[in-house]
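Single-structure report; data block below.
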Amino acid sequence: MKIAVIGSTLSGNKGAAAMLESSIQTIGARYPEATFTLFSYVPPEIERGQNTYKQLTVLKATPLHLGLVINPLALAYKLLPPLRGFIRSHSAAIKELAEADVLLDQGGITFVDGREKFLLYNVASILPALLVGTPVVKCAQALGPFNGRINRTAARIFLPRMALIVSRGSVTHGYLAGLGLKNIVAGADYAFLLELTETEKRAARKHFDPGFFRGSRVVGVSPSVVLKKKAEAAGQDYTGMMAAFIDYLAGRGYRVLLVPHSARAGTGKTHNNDLPLCREIYDGIAKPEECLFIDKELPSQELRYIIGRCDLFVASRFHAMVSSLAMEVPTLVIGWSHKYKEVLEMFGLEEWAFGLGELNLEYLERRFEALEKRQAGVRQKLAKNLPEVKKRSAIQVEEIARRLKASA
């Protein structure tokens with residue numbers, strides 16, 4: 001079995017890493033001989049330094065390379081059959097795509113109104129596989145709405161060509177059904193299936209003093225540079241607000257875990273990088289001794305373990321939310337898309353998400369206090385519904401396996 005993957009990464013965005021590693025874990029458990037090729041939007045030399053999977057190969061698929069090299073070669077492969085052998089022998093990307101049994105598209109959010117600037121990449125990610133004849137499965141992700149003319153047109157052209165689209169919640173599923181698509185199945189985020197080993201737990205414990213959690217009430221906070229940019233565009237000081245919120249928590253007797261769930265060490269660039277933002281927040285708090293700041297890039301499994309040590313969690317990063325829910329930690333979410341609420345809805349907890357329009361320090365504190373008072377009931381809902389959410393996530397494993405079996 002040969003599985004190609006695009007839209008995810010090992011470095012930087014640890015939500016993308018969690019999706020990738022969950023697929024390697026689950027498909028690899030079913031097909032131990034399976035090999036994986038990651039078409040990475042991060043430079044391969046960075047990815048390879050974090051690759052601990054012997055069955056995973058990383059190839060270059062940065063947006064520029066994807067658009068200017070891989071897509072034109074795939075088009076030539078489609079239109080010029082006599083040159084296919086030559087193209088495959090000179091392009092590892094085309095060779096791997098053409099030989100793959102399936103391409104897993106793990107873009108977390110694609111074909112969405114208001115995100116048209118990403119639409120070209122959304123198309124370029126799947127088009128080469130379609131051109132060389134490899135079936136594409138869109139793993140659980142948020143899609144839609146499709147009211148904008150450009151996005152709706154693109155969705156109607158390309159989404160029916162997918163072998164399968166896994167919706168990540170009821171809102172996305174409704175948008176897809178509204179297009180009249182028949183190739184959809186309701187699922188849940190792949191990262192809910194991420195498993196932690198004892199080795200990973202031990203590695204995670206090296207990053208903090210065990211006494212920080214022992215005998216203390218700890219609130220985890222995962223800010224997002226995406227939300228910061230949206231807040232600043234609306235005239236809000238997101239950085240100052242989050243620092244003030246951490247001071248508020250410390251004043252209530254809590255210790256705070258400040259965790260960048262999308263981190264790129266060694267760079268000040270902020271795309272998919274919450275580290276600079278978290279450093280600014282940390283520098284602005286009054287009692288840094290009451291705050292455990294994860295000032296580095298950690299693997300997704302280690303982050304999940306540390307998040308699971310918290311009593312309560314406040315998330316703006318989507319997959320930080322997924323990790324806290326997966327570890328049954330009551331979570332308050334500050335989001336910017338339907339993708340947050342539709343996941344919380346699976347747990348009956350959608351009331352614990354709110355958007356940028358409601359965000360201010362007073363409201364944030366008030367919602368946190370409400371969660372604090374009702375945390376026992378929230379934990380009960382998490383414990384009750386998590387097995388079913390994981391079962392929904394595993395649906396895509398079954399669907400992928402069915403297509404691999406058919407191609408064998």
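Following the order of the structure tokens, first chain is A, next is B, and so on, with residues numbered from 1 inside each chain and ligands from 1 in the order they appear.
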
Sorted by chain and rising residue number, which residues of range 220-278 of chain A lie within 8 Å of range 286-298 of chain A, and what are their closest atom pairs and distances in Å to one decimal, counting only C-alpha atoms, as a Markdown table?
```
| residue | atom | partner | partner_atom | distance |
| --- | --- | --- | --- | --- |
| A:Asp247 | CA | A:Ala286 | CA | 6.2 |
| A:Ala250 | CA | A:Glu290 | CA | 6.8 |
| A:Tyr254 | CA | A:Glu290 | CA | 7.8 |
| A:Arg255 | CA | A:Glu290 | CA | 5.1 |
| A:Val256 | CA | A:Cys291 | CA | 4.7 |
| A:Leu257 | CA | A:Leu292 | CA | 4.8 |
| A:Leu258 | CA | A:Phe293 | CA | 4.7 |
| A:Val259 | CA | A:Ile294 | CA | 5.4 |
| A:Pro260 | CA | A:Ile294 | CA | 7.0 |
| A:Ser262 | CA | A:Glu297 | CA | 8.0 |
| A:Ala263 | CA | A:Glu297 | CA | 5.3 |
| A:Arg264 | CA | A:Glu297 | CA | 6.3 |
| A:Ala265 | CA | A:Glu297 | CA | 5.9 |
| A:Leu275 | CA | A:Asp295 | CA | 6.9 |
```

Among range 218-324 of chain A, which ones does DSSP assign to helix (DSSP H, G or I) (computed from the backbone)? Answer as a CSV table (one decimal) with all heavy atoms, in the first residue's frame.
```csv
chain,number,residue,atom,x,y,z
A,225,VAL,N,-2.4,33.3,16.5
A,225,VAL,CA,-2.0,34.5,15.8
A,225,VAL,C,-3.0,34.8,14.7
A,225,VAL,O,-3.2,36.0,14.3
A,225,VAL,CB,-0.6,34.3,15.2
A,225,VAL,CG1,-0.6,33.3,14.0
A,225,VAL,CG2,0.0,35.6,14.7
A,226,VAL,N,-3.8,33.8,14.3
A,226,VAL,CA,-4.9,34.1,13.3
A,226,VAL,C,-5.9,34.9,13.9
A,226,VAL,O,-6.4,35.9,13.3
A,226,VAL,CB,-5.5,32.7,12.8
A,226,VAL,CG1,-6.6,33.0,11.9
A,226,VAL,CG2,-4.4,31.9,12.1
A,227,LEU,N,-6.3,34.6,15.2
A,227,LEU,CA,-7.3,35.4,15.8
A,227,LEU,C,-6.8,36.8,16.2
A,227,LEU,O,-7.5,37.8,16.1
A,227,LEU,CB,-7.8,34.7,17.1
A,227,LEU,CG,-9.0,35.2,17.8
A,227,LEU,CD1,-10.2,35.1,16.8
A,227,LEU,CD2,-9.3,34.6,19.1
A,228,LYS,N,-5.5,36.8,16.5
A,228,LYS,CA,-4.9,38.1,16.8
A,228,LYS,C,-5.0,39.1,15.6
A,228,LYS,O,-5.4,40.3,15.8
A,228,LYS,CB,-3.4,38.0,17.2
A,228,LYS,CG,-2.7,39.3,17.4
A,228,LYS,CD,-1.2,39.1,17.4
A,228,LYS,CE,-0.5,40.5,17.5
A,228,LYS,NZ,1.0,40.4,17.5
A,229,LYS,N,-4.7,38.6,14.4
A,229,LYS,CA,-4.8,39.4,13.2
A,229,LYS,C,-6.2,39.9,13.0
A,229,LYS,O,-6.5,41.0,12.6
A,229,LYS,CB,-4.2,38.7,12.0
A,229,LYS,CG,-2.7,38.4,12.1
A,229,LYS,CD,-2.2,37.6,10.9
A,229,LYS,CE,-0.7,37.4,11.0
A,229,LYS,NZ,-0.2,36.5,9.9
A,230,LYS,N,-7.2,39.0,13.2
A,230,LYS,CA,-8.6,39.4,13.0
A,230,LYS,C,-9.0,40.4,14.1
A,230,LYS,O,-9.8,41.3,13.8
A,230,LYS,CB,-9.5,38.1,13.0
A,230,LYS,CG,-9.2,37.2,11.8
A,230,LYS,CD,-10.1,35.9,11.9
A,230,LYS,CE,-9.9,35.0,10.7
A,230,LYS,NZ,-10.3,35.6,9.5
A,231,ALA,N,-8.5,40.2,15.3
A,231,ALA,CA,-8.9,41.1,16.4
A,231,ALA,C,-8.3,42.5,16.1
A,231,ALA,O,-9.0,43.5,16.3
A,231,ALA,CB,-8.4,40.5,17.7
A,232,GLU,N,-7.1,42.5,15.7
A,232,GLU,CA,-6.4,43.8,15.4
A,232,GLU,C,-7.1,44.5,14.3
A,232,GLU,O,-7.2,45.8,14.3
A,232,GLU,CB,-4.9,43.6,15.2
A,232,GLU,CG,-4.1,43.2,16.4
A,232,GLU,CD,-2.6,43.0,16.1
A,232,GLU,OE1,-2.3,42.9,14.9
A,232,GLU,OE2,-1.8,43.0,17.1
A,233,ALA,N,-7.5,43.8,13.3
A,233,ALA,CA,-8.3,44.4,12.2
A,233,ALA,C,-9.6,45.0,12.7
A,233,ALA,O,-10.1,46.0,12.0
A,233,ALA,CB,-8.6,43.4,11.1
A,238,TYR,N,-5.6,42.2,21.1
A,238,TYR,CA,-5.7,40.8,21.5
A,238,TYR,C,-4.6,40.4,22.5
A,238,TYR,O,-4.8,39.7,23.5
A,238,TYR,CB,-5.7,39.9,20.3
A,238,TYR,CG,-5.7,38.4,20.5
A,238,TYR,CD1,-6.9,37.8,20.9
A,238,TYR,CD2,-4.6,37.6,20.4
A,238,TYR,CE1,-7.0,36.4,21.1
A,238,TYR,CE2,-4.6,36.3,20.6
A,238,TYR,CZ,-5.8,35.7,20.9
A,238,TYR,OH,-5.9,34.3,21.1
A,239,THR,N,-3.4,40.8,22.2
A,239,THR,CA,-2.2,40.4,23.0
A,239,THR,C,-2.4,41.0,24.4
A,239,THR,O,-2.2,40.2,25.4
A,239,THR,CB,-0.9,41.0,22.4
A,239,THR,OG1,-0.8,40.5,21.1
A,239,THR,CG2,0.3,40.6,23.2
A,240,GLY,N,-2.7,42.2,24.6
A,240,GLY,CA,-2.9,42.8,25.9
A,240,GLY,C,-4.1,42.2,26.6
A,240,GLY,O,-4.0,42.0,27.8
A,241,MET,N,-5.1,41.8,25.9
A,241,MET,CA,-6.3,41.2,26.5
A,241,MET,C,-5.9,39.8,27.1
A,241,MET,O,-6.3,39.5,28.2
A,241,MET,CB,-7.4,41.0,25.5
A,241,MET,CG,-8.7,40.6,26.1
A,241,MET,SD,-10.0,40.2,24.8
A,241,MET,CE,-9.9,41.7,23.8
A,242,MET,N,-5.1,39.0,26.3
A,242,MET,CA,-4.8,37.7,26.8
A,242,MET,C,-3.8,37.8,28.0
A,242,MET,O,-3.9,37.0,28.9
A,242,MET,CB,-4.2,36.9,25.7
A,242,MET,CG,-5.1,36.6,24.5
A,242,MET,SD,-6.8,36.0,25.0
A,242,MET,CE,-6.3,34.4,25.8
A,243,ALA,N,-2.9,38.8,28.0
A,243,ALA,CA,-2.1,39.0,29.1
A,243,ALA,C,-2.9,39.4,30.4
A,243,ALA,O,-2.6,38.8,31.5
A,243,ALA,CB,-1.0,40.0,28.8
A,244,ALA,N,-3.8,40.2,30.2
A,244,ALA,CA,-4.7,40.7,31.3
A,244,ALA,C,-5.5,39.5,31.8
A,244,ALA,O,-5.8,39.4,33.0
A,244,ALA,CB,-5.6,41.8,30.8
A,245,PHE,N,-6.0,38.6,30.9
A,245,PHE,CA,-6.7,37.4,31.3
A,245,PHE,C,-5.9,36.5,32.1
A,245,PHE,O,-6.4,35.9,33.1
A,245,PHE,CB,-7.3,36.7,30.0
A,245,PHE,CG,-8.1,35.5,30.4
A,245,PHE,CD1,-9.3,35.5,31.1
A,245,PHE,CD2,-7.7,34.2,29.9
A,245,PHE,CE1,-10.0,34.4,31.4
A,245,PHE,CE2,-8.4,33.1,30.2
A,245,PHE,CZ,-9.6,33.2,30.9
A,246,ILE,N,-4.6,36.3,31.7
A,246,ILE,CA,-3.7,35.4,32.5
A,246,ILE,C,-3.5,36.1,33.9
A,246,ILE,O,-3.5,35.4,34.9
A,246,ILE,CB,-2.4,35.2,31.8
A,246,ILE,CG1,-2.7,34.3,30.6
A,246,ILE,CG2,-1.4,34.6,32.7
A,246,ILE,CD1,-1.5,34.1,29.7
A,247,ASP,N,-3.4,37.4,34.0
A,247,ASP,CA,-3.3,38.1,35.3
A,247,ASP,C,-4.5,37.8,36.1
A,247,ASP,O,-4.4,37.6,37.3
A,247,ASP,CB,-3.0,39.6,35.1
A,247,ASP,CG,-1.6,39.9,34.6
A,247,ASP,OD1,-0.7,39.0,34.7
A,247,ASP,OD2,-1.4,41.0,34.0
A,248,TYR,N,-5.7,37.9,35.5
A,248,TYR,CA,-6.9,37.6,36.2
A,248,TYR,C,-7.0,36.2,36.7
A,248,TYR,O,-7.4,36.0,37.9
A,248,TYR,CB,-8.1,37.8,35.2
A,248,TYR,CG,-9.4,37.1,35.5
A,248,TYR,CD1,-10.3,37.5,36.4
A,248,TYR,CD2,-9.6,35.9,34.8
A,248,TYR,CE1,-11.4,36.8,36.7
A,248,TYR,CE2,-10.8,35.1,35.1
A,248,TYR,CZ,-11.7,35.6,36.1
A,248,TYR,OH,-12.8,34.9,36.3
A,249,LEU,N,-6.5,35.2,35.9
A,249,LEU,CA,-6.5,33.8,36.4
A,249,LEU,C,-5.5,33.7,37.6
A,249,LEU,O,-5.8,33.0,38.6
A,249,LEU,CB,-6.0,32.9,35.3
A,249,LEU,CG,-7.0,32.8,34.1
A,249,LEU,CD1,-6.4,31.9,33.0
A,249,LEU,CD2,-8.3,32.1,34.6
A,250,ALA,N,-4.3,34.3,37.5
A,250,ALA,CA,-3.4,34.3,38.6
A,250,ALA,C,-4.0,34.9,39.9
A,250,ALA,O,-3.8,34.4,41.0
A,250,ALA,CB,-2.1,35.0,38.2
A,251,GLY,N,-4.7,36.0,39.7
A,251,GLY,CA,-5.4,36.6,40.8
A,251,GLY,C,-6.4,35.8,41.4
A,251,GLY,O,-6.8,36.0,42.6
A,275,LEU,N,4.4,31.2,18.5
A,275,LEU,CA,5.4,31.5,19.5
A,275,LEU,C,5.7,33.0,19.7
A,275,LEU,O,5.8,33.4,20.9
A,275,LEU,CB,6.7,30.8,19.0
A,275,LEU,CG,7.0,29.4,19.7
A,275,LEU,CD1,8.3,28.8,19.0
A,275,LEU,CD2,7.2,29.5,21.2
A,276,PRO,N,5.9,33.8,18.7
A,276,PRO,CA,6.1,35.2,18.9
A,276,PRO,C,5.0,35.9,19.7
A,276,PRO,O,5.2,36.7,20.6
A,276,PRO,CB,6.3,35.8,17.5
A,276,PRO,CG,6.7,34.7,16.7
A,276,PRO,CD,6.0,33.5,17.2
A,277,LEU,N,3.7,35.5,19.4
A,277,LEU,CA,2.6,36.0,20.1
A,277,LEU,C,2.6,35.6,21.6
A,277,LEU,O,2.4,36.4,22.5
A,277,LEU,CB,1.3,35.5,19.4
A,277,LEU,CG,0.0,35.7,20.2
A,277,LEU,CD1,-0.3,37.2,20.5
A,277,LEU,CD2,-1.2,35.1,19.5
A,278,CYS,N,2.9,34.3,21.8
A,278,CYS,CA,2.9,33.9,23.2
A,278,CYS,C,4.1,34.5,24.0
A,278,CYS,O,3.9,34.8,25.2
A,278,CYS,CB,3.1,32.3,23.2
A,278,CYS,SG,1.6,31.5,22.7
A,279,ARG,N,5.2,34.8,23.3
A,279,ARG,CA,6.3,35.5,24.0
A,279,ARG,C,5.8,36.9,24.4
A,279,ARG,O,6.1,37.4,25.5
A,279,ARG,CB,7.5,35.6,23.1
A,279,ARG,CG,8.2,34.2,23.0
A,279,ARG,CD,9.3,34.2,22.0
A,279,ARG,NE,9.9,32.9,21.9
A,279,ARG,CZ,10.4,32.4,20.8
A,279,ARG,NH1,10.4,33.1,19.7
A,279,ARG,NH2,11.0,31.2,20.8
A,280,GLU,N,5.1,37.6,23.5
A,280,GLU,CA,4.6,38.9,23.8
A,280,GLU,C,3.6,38.9,25.0
A,280,GLU,O,3.7,39.8,25.9
A,280,GLU,CB,3.9,39.5,22.6
A,280,GLU,CG,4.8,39.9,21.4
A,280,GLU,CD,4.0,40.4,20.2
A,280,GLU,OE1,2.8,40.7,20.4
A,280,GLU,OE2,4.6,40.4,19.1
A,281,ILE,N,2.8,37.9,25.0
A,281,ILE,CA,1.8,37.8,26.1
A,281,ILE,C,2.5,37.5,27.4
A,281,ILE,O,2.3,38.1,28.4
A,281,ILE,CB,0.8,36.6,25.8
A,281,ILE,CG1,-0.1,37.0,24.6
A,281,ILE,CG2,-0.1,36.3,27.0
A,281,ILE,CD1,-1.0,35.9,24.1
A,282,TYR,N,3.5,36.6,27.3
A,282,TYR,CA,4.2,36.2,28.5
A,282,TYR,C,5.0,37.4,29.1
A,282,TYR,O,5.0,37.7,30.3
A,282,TYR,CB,5.2,35.1,28.2
A,282,TYR,CG,6.0,34.6,29.4
A,282,TYR,CD1,5.4,33.8,30.4
A,282,TYR,CD2,7.3,34.9,29.6
A,282,TYR,CE1,6.1,33.3,31.5
A,282,TYR,CE2,8.0,34.4,30.7
A,282,TYR,CZ,7.4,33.6,31.6
A,282,TYR,OH,8.1,33.1,32.7
A,283,ASP,N,5.6,38.2,28.2
A,283,ASP,CA,6.3,39.4,28.6
A,283,ASP,C,5.4,40.4,29.3
A,283,ASP,O,5.9,41.3,30.0
A,283,ASP,CB,7.0,40.0,27.4
A,283,ASP,CG,8.2,39.2,27.0
A,283,ASP,OD1,8.7,38.3,27.7
A,283,ASP,OD2,8.7,39.4,25.8
A,288,PRO,N,5.0,36.1,36.1
A,288,PRO,CA,5.4,35.0,35.2
A,288,PRO,C,5.8,33.8,36.0
A,288,PRO,O,5.8,32.7,35.4
A,288,PRO,CB,6.7,35.6,34.6
A,288,PRO,CG,7.1,36.8,35.4
A,288,PRO,CD,5.8,37.3,36.0
A,289,GLU,N,6.0,33.9,37.3
A,289,GLU,CA,6.4,32.7,38.1
A,289,GLU,C,5.2,31.8,38.2
A,289,GLU,O,5.3,30.6,38.6
A,289,GLU,CB,6.9,33.1,39.5
A,289,GLU,CG,5.9,33.7,40.4
A,289,GLU,CD,5.8,35.3,40.2
A,289,GLU,OE1,6.4,35.8,39.2
A,289,GLU,OE2,5.1,35.9,41.0
A,290,GLU,N,3.9,32.3,38.0
A,290,GLU,CA,2.7,31.5,38.1
A,290,GLU,C,2.3,30.9,36.7
A,290,GLU,O,1.3,30.3,36.5
A,290,GLU,CB,1.6,32.3,38.6
A,290,GLU,CG,1.8,32.7,40.1
A,290,GLU,CD,2.0,31.6,41.0
A,290,GLU,OE1,1.3,30.5,40.8
A,290,GLU,OE2,2.8,31.7,42.0
A,300,SER,N,3.3,16.8,18.7
A,300,SER,CA,1.9,16.9,19.0
A,300,SER,C,1.5,16.0,20.1
A,300,SER,O,0.7,16.4,20.9
A,300,SER,CB,1.1,16.6,17.7
A,300,SER,OG,1.4,15.3,17.2
A,301,GLN,N,2.1,14.8,20.2
A,301,GLN,CA,1.8,14.0,21.3
A,301,GLN,C,2.2,14.5,22.7
A,301,GLN,O,1.5,14.4,23.7
A,301,GLN,CB,2.5,12.6,21.2
A,301,GLN,CG,2.0,11.8,20.0
A,301,GLN,CD,2.8,12.1,18.7
A,301,GLN,OE1,3.5,13.1,18.6
A,301,GLN,NE2,2.8,11.1,17.8
A,302,GLU,N,3.4,15.2,22.8
A,302,GLU,CA,3.8,15.7,24.0
A,302,GLU,C,2.9,16.9,24.4
A,302,GLU,O,2.6,17.1,25.6
A,302,GLU,CB,5.3,16.2,23.9
A,302,GLU,CG,6.2,15.0,23.7
A,302,GLU,CD,7.7,15.4,23.6
A,302,GLU,OE1,8.0,16.5,24.1
A,302,GLU,OE2,8.5,14.7,23.0
A,303,LEU,N,2.5,17.7,23.4
A,303,LEU,CA,1.6,18.8,23.7
A,303,LEU,C,0.3,18.3,24.3
A,303,LEU,O,-0.3,18.8,25.2
A,303,LEU,CB,1.4,19.6,22.5
A,303,LEU,CG,2.5,20.6,22.0
A,303,LEU,CD1,2.1,21.2,20.7
A,303,LEU,CD2,2.7,21.7,23.0
A,304,ARG,N,-0.2,17.2,23.7
A,304,ARG,CA,-1.5,16.7,24.1
A,304,ARG,C,-1.4,16.2,25.6
A,304,ARG,O,-2.3,16.4,26.4
A,304,ARG,CB,-2.0,15.6,23.2
A,304,ARG,CG,-3.3,14.9,23.7
A,304,ARG,CD,-4.0,14.1,22.6
A,304,ARG,NE,-4.4,15.0,21.5
A,304,ARG,CZ,-5.2,14.6,20.5
A,304,ARG,NH1,-5.7,13.3,20.5
A,304,ARG,NH2,-5.5,15.3,19.5
A,305,TYR,N,-0.3,15.6,25.9
A,305,TYR,CA,-0.1,15.1,27.3
A,305,TYR,C,-0.1,16.2,28.2
A,305,TYR,O,-0.8,16.2,29.3
A,305,TYR,CB,1.1,14.3,27.4
A,305,TYR,CG,1.4,13.8,28.8
A,305,TYR,CD1,0.7,12.8,29.4
A,305,TYR,CD2,2.4,14.5,29.6
A,305,TYR,CE1,1.0,12.4,30.7
A,305,TYR,CE2,2.6,14.2,30.9
A,305,TYR,CZ,1.9,13.1,31.5
A,305,TYR,OH,2.2,12.8,32.8
A,306,ILE,N,0.6,17.3,27.9
A,306,ILE,CA,0.7,18.4,28.8
A,306,ILE,C,-0.6,19.2,29.0
A,306,ILE,O,-1.0,19.5,30.1
A,306,ILE,CB,1.8,19.4,28.3
A,306,ILE,CG1,3.2,18.7,28.4
A,306,ILE,CG2,1.9,20.7,29.2
A,306,ILE,CD1,4.3,19.6,27.7
A,307,ILE,N,-1.3,19.3,27.8
A,307,ILE,CA,-2.7,19.9,27.9
A,307,ILE,C,-3.6,19.1,28.8
A,307,ILE,O,-4.4,19.6,29.5
A,307,ILE,CB,-3.2,20.0,26.5
A,307,ILE,CG1,-2.5,21.1,25.7
A,307,ILE,CG2,-4.7,20.3,26.5
A,307,ILE,CD1,-2.8,21.2,24.2
A,318,PHE,N,-7.6,25.6,16.9
A,318,PHE,CA,-8.5,24.6,16.7
A,318,PHE,C,-8.0,23.2,17.3
A,318,PHE,O,-8.8,22.6,18.1
A,318,PHE,CB,-8.9,24.4,15.2
A,318,PHE,CG,-9.8,23.3,15.0
A,318,PHE,CD1,-11.2,23.5,15.1
A,318,PHE,CD2,-9.4,22.0,14.6
A,318,PHE,CE1,-12.1,22.4,14.8
A,318,PHE,CE2,-10.2,21.0,14.4
A,318,PHE,CZ,-11.6,21.2,14.5
A,319,HIS,N,-6.8,22.8,17.0
A,319,HIS,CA,-6.4,21.5,17.4
A,319,HIS,C,-5.9,21.5,18.9
A,319,HIS,O,-5.8,20.4,19.5
A,319,HIS,CB,-5.3,20.9,16.5
A,319,HIS,CG,-6.0,20.3,15.3
A,319,HIS,ND1,-6.1,20.9,14.1
A,319,HIS,CD2,-6.6,19.0,15.1
A,319,HIS,CE1,-6.7,20.1,13.2
A,319,HIS,NE2,-7.0,19.0,13.8
A,320,ALA,N,-5.6,22.7,19.4
A,320,ALA,CA,-5.4,22.7,20.9
A,320,ALA,C,-6.8,22.4,21.6
A,320,ALA,O,-6.8,21.6,22.6
A,320,ALA,CB,-5.0,24.1,21.3
A,321,MET,N,-7.9,22.9,21.0
A,321,MET,CA,-9.2,22.5,21.5
A,321,MET,C,-9.4,21.0,21.3
A,321,MET,O,-9.9,20.3,22.2
A,321,MET,CB,-10.3,23.3,20.7
A,321,MET,CG,-11.7,22.9,21.0
A,321,MET,SD,-12.9,23.5,19.8
A,321,MET,CE,-12.6,22.4,18.4
A,322,VAL,N,-9.1,20.4,20.2
A,322,VAL,CA,-9.3,19.0,20.0
A,322,VAL,C,-8.5,18.2,21.0
A,322,VAL,O,-9.0,17.2,21.6
A,322,VAL,CB,-8.8,18.6,18.5
A,322,VAL,CG1,-8.8,17.1,18.4
A,322,VAL,CG2,-9.8,19.2,17.5
A,323,SER,N,-7.2,18.6,21.3
A,323,SER,CA,-6.4,17.9,22.3
A,323,SER,C,-7.1,18.0,23.7
A,323,SER,O,-7.1,17.0,24.4
A,323,SER,CB,-5.0,18.4,22.3
A,323,SER,OG,-4.3,17.9,21.3
A,324,SER,N,-7.5,19.2,24.0
A,324,SER,CA,-8.1,19.3,25.4
A,324,SER,C,-9.4,18.5,25.5
A,324,SER,O,-9.7,17.8,26.5
A,324,SER,CB,-8.4,20.8,25.7
A,324,SER,OG,-9.3,21.4,24.8
```

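CA of Ser125 in chain A is found 28.4 Å from CA of Ala315 in chain A.
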
To one decimal place, how far is CA of Phe313 in chain A from CA of Ala203 in chain A in Å?
->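 These two atoms are separated by 21.8 Å.
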
Hey, what's within 6 Å of range 333-338 of chain A if we count only C-alpha atoms and toss same-chain stuff fewer than 4 positions away? As number ranges by chain, please?
-> A: 314-316, 353-355

Export, as a short mmCIF file (atom, residue, chain, number, x, y, z; two decimals), in the first residue's frame, the selected residues with all heavy atoms.
```
data_model
loop_
_atom_site.label_atom_id
_atom_site.label_comp_id
_atom_site.auth_asym_id
_atom_site.auth_seq_id
_atom_site.Cartn_x
_atom_site.Cartn_y
_atom_site.Cartn_z
N VAL A 314 -8.55 27.14 27.82
CA VAL A 314 -9.10 28.22 27.00
C VAL A 314 -8.34 28.20 25.68
O VAL A 314 -7.13 28.45 25.66
CB VAL A 314 -8.98 29.59 27.68
CG1 VAL A 314 -9.54 30.69 26.78
CG2 VAL A 314 -9.69 29.58 29.03
N ALA A 315 -9.03 27.92 24.59
CA ALA A 315 -8.36 27.68 23.31
C ALA A 315 -8.84 28.61 22.23
O ALA A 315 -10.04 28.91 22.12
CB ALA A 315 -8.59 26.23 22.87
N SER A 316 -7.89 29.08 21.41
CA SER A 316 -8.22 29.73 20.15
C SER A 316 -7.68 28.92 18.98
O SER A 316 -8.17 29.07 17.85
CB SER A 316 -7.65 31.15 20.11
OG SER A 316 -8.34 31.98 21.01
N ALA A 353 -18.39 27.97 23.09
CA ALA A 353 -17.61 28.66 22.06
C ALA A 353 -18.26 30.00 21.77
O ALA A 353 -19.48 30.13 21.75
CB ALA A 353 -17.56 27.82 20.78
N PHE A 354 -17.44 31.00 21.56
CA PHE A 354 -17.94 32.31 21.14
C PHE A 354 -16.94 32.92 20.16
O PHE A 354 -15.79 32.47 20.06
CB PHE A 354 -18.23 33.24 22.32
CG PHE A 354 -17.02 33.65 23.12
CD1 PHE A 354 -16.32 34.82 22.83
CD2 PHE A 354 -16.59 32.88 24.19
CE1 PHE A 354 -15.22 35.20 23.57
CE2 PHE A 354 -15.49 33.26 24.95
CZ PHE A 354 -14.80 34.43 24.63
N GLY A 355 -17.39 33.95 19.44
CA GLY A 355 -16.59 34.50 18.37
C GLY A 355 -16.00 35.85 18.67
O GLY A 355 -16.17 36.42 19.76
#
```

If you count only C-alpha atoms, which residues fall within 9 Å of range 86-102 of chain A, apart from same-chain ones fewer than 3 positions away, as a PyMOL selection string?
-> chain A and resi 1-5+36-37+39+59-61+70+73-74+76-77+82-83+128-129+132-137+400+403-404+407-408

Selection: 10 Å around Glu351 in chain A, only C-alpha atoms, excl. self and same-chain fewer than 3 positions, as a PyMOL selection string = chain A and resi 332-333+341+344-345+348+354+367

Of the candidates A:Glu362, A:Thr26, A:Leu349, A:Arg309, which one gets nearest to Asn385 in chain A if we count only C-alpha atoms?
->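 Nearest to Asn385 in chain A: A:Leu349.
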
Test item, strand (DSSP E) assignment across range 180-278 of chain A, answer as a list in words =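 Matching residues, listed in order: Ile184, Val185, Ala186, Val218, Val219, Gly220, Val221, Ser222, Arg255, Val256, Leu257, Leu258, Ser262 and Ala263 of chain A.
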
Looking at only C-alpha atoms, which of A:Asn360, A:Gln106, A:Ser222, A:Asn151 is the one that sits closest to Thr331 in chain A?
-> A:Ser222

In Å, how far is it from CA of Lys269 in chain A to CA of Ser11 in chain A?
->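 Value for the CA of Lys269 in chain A-CA of Ser11 in chain A distance: 14.0 Å.
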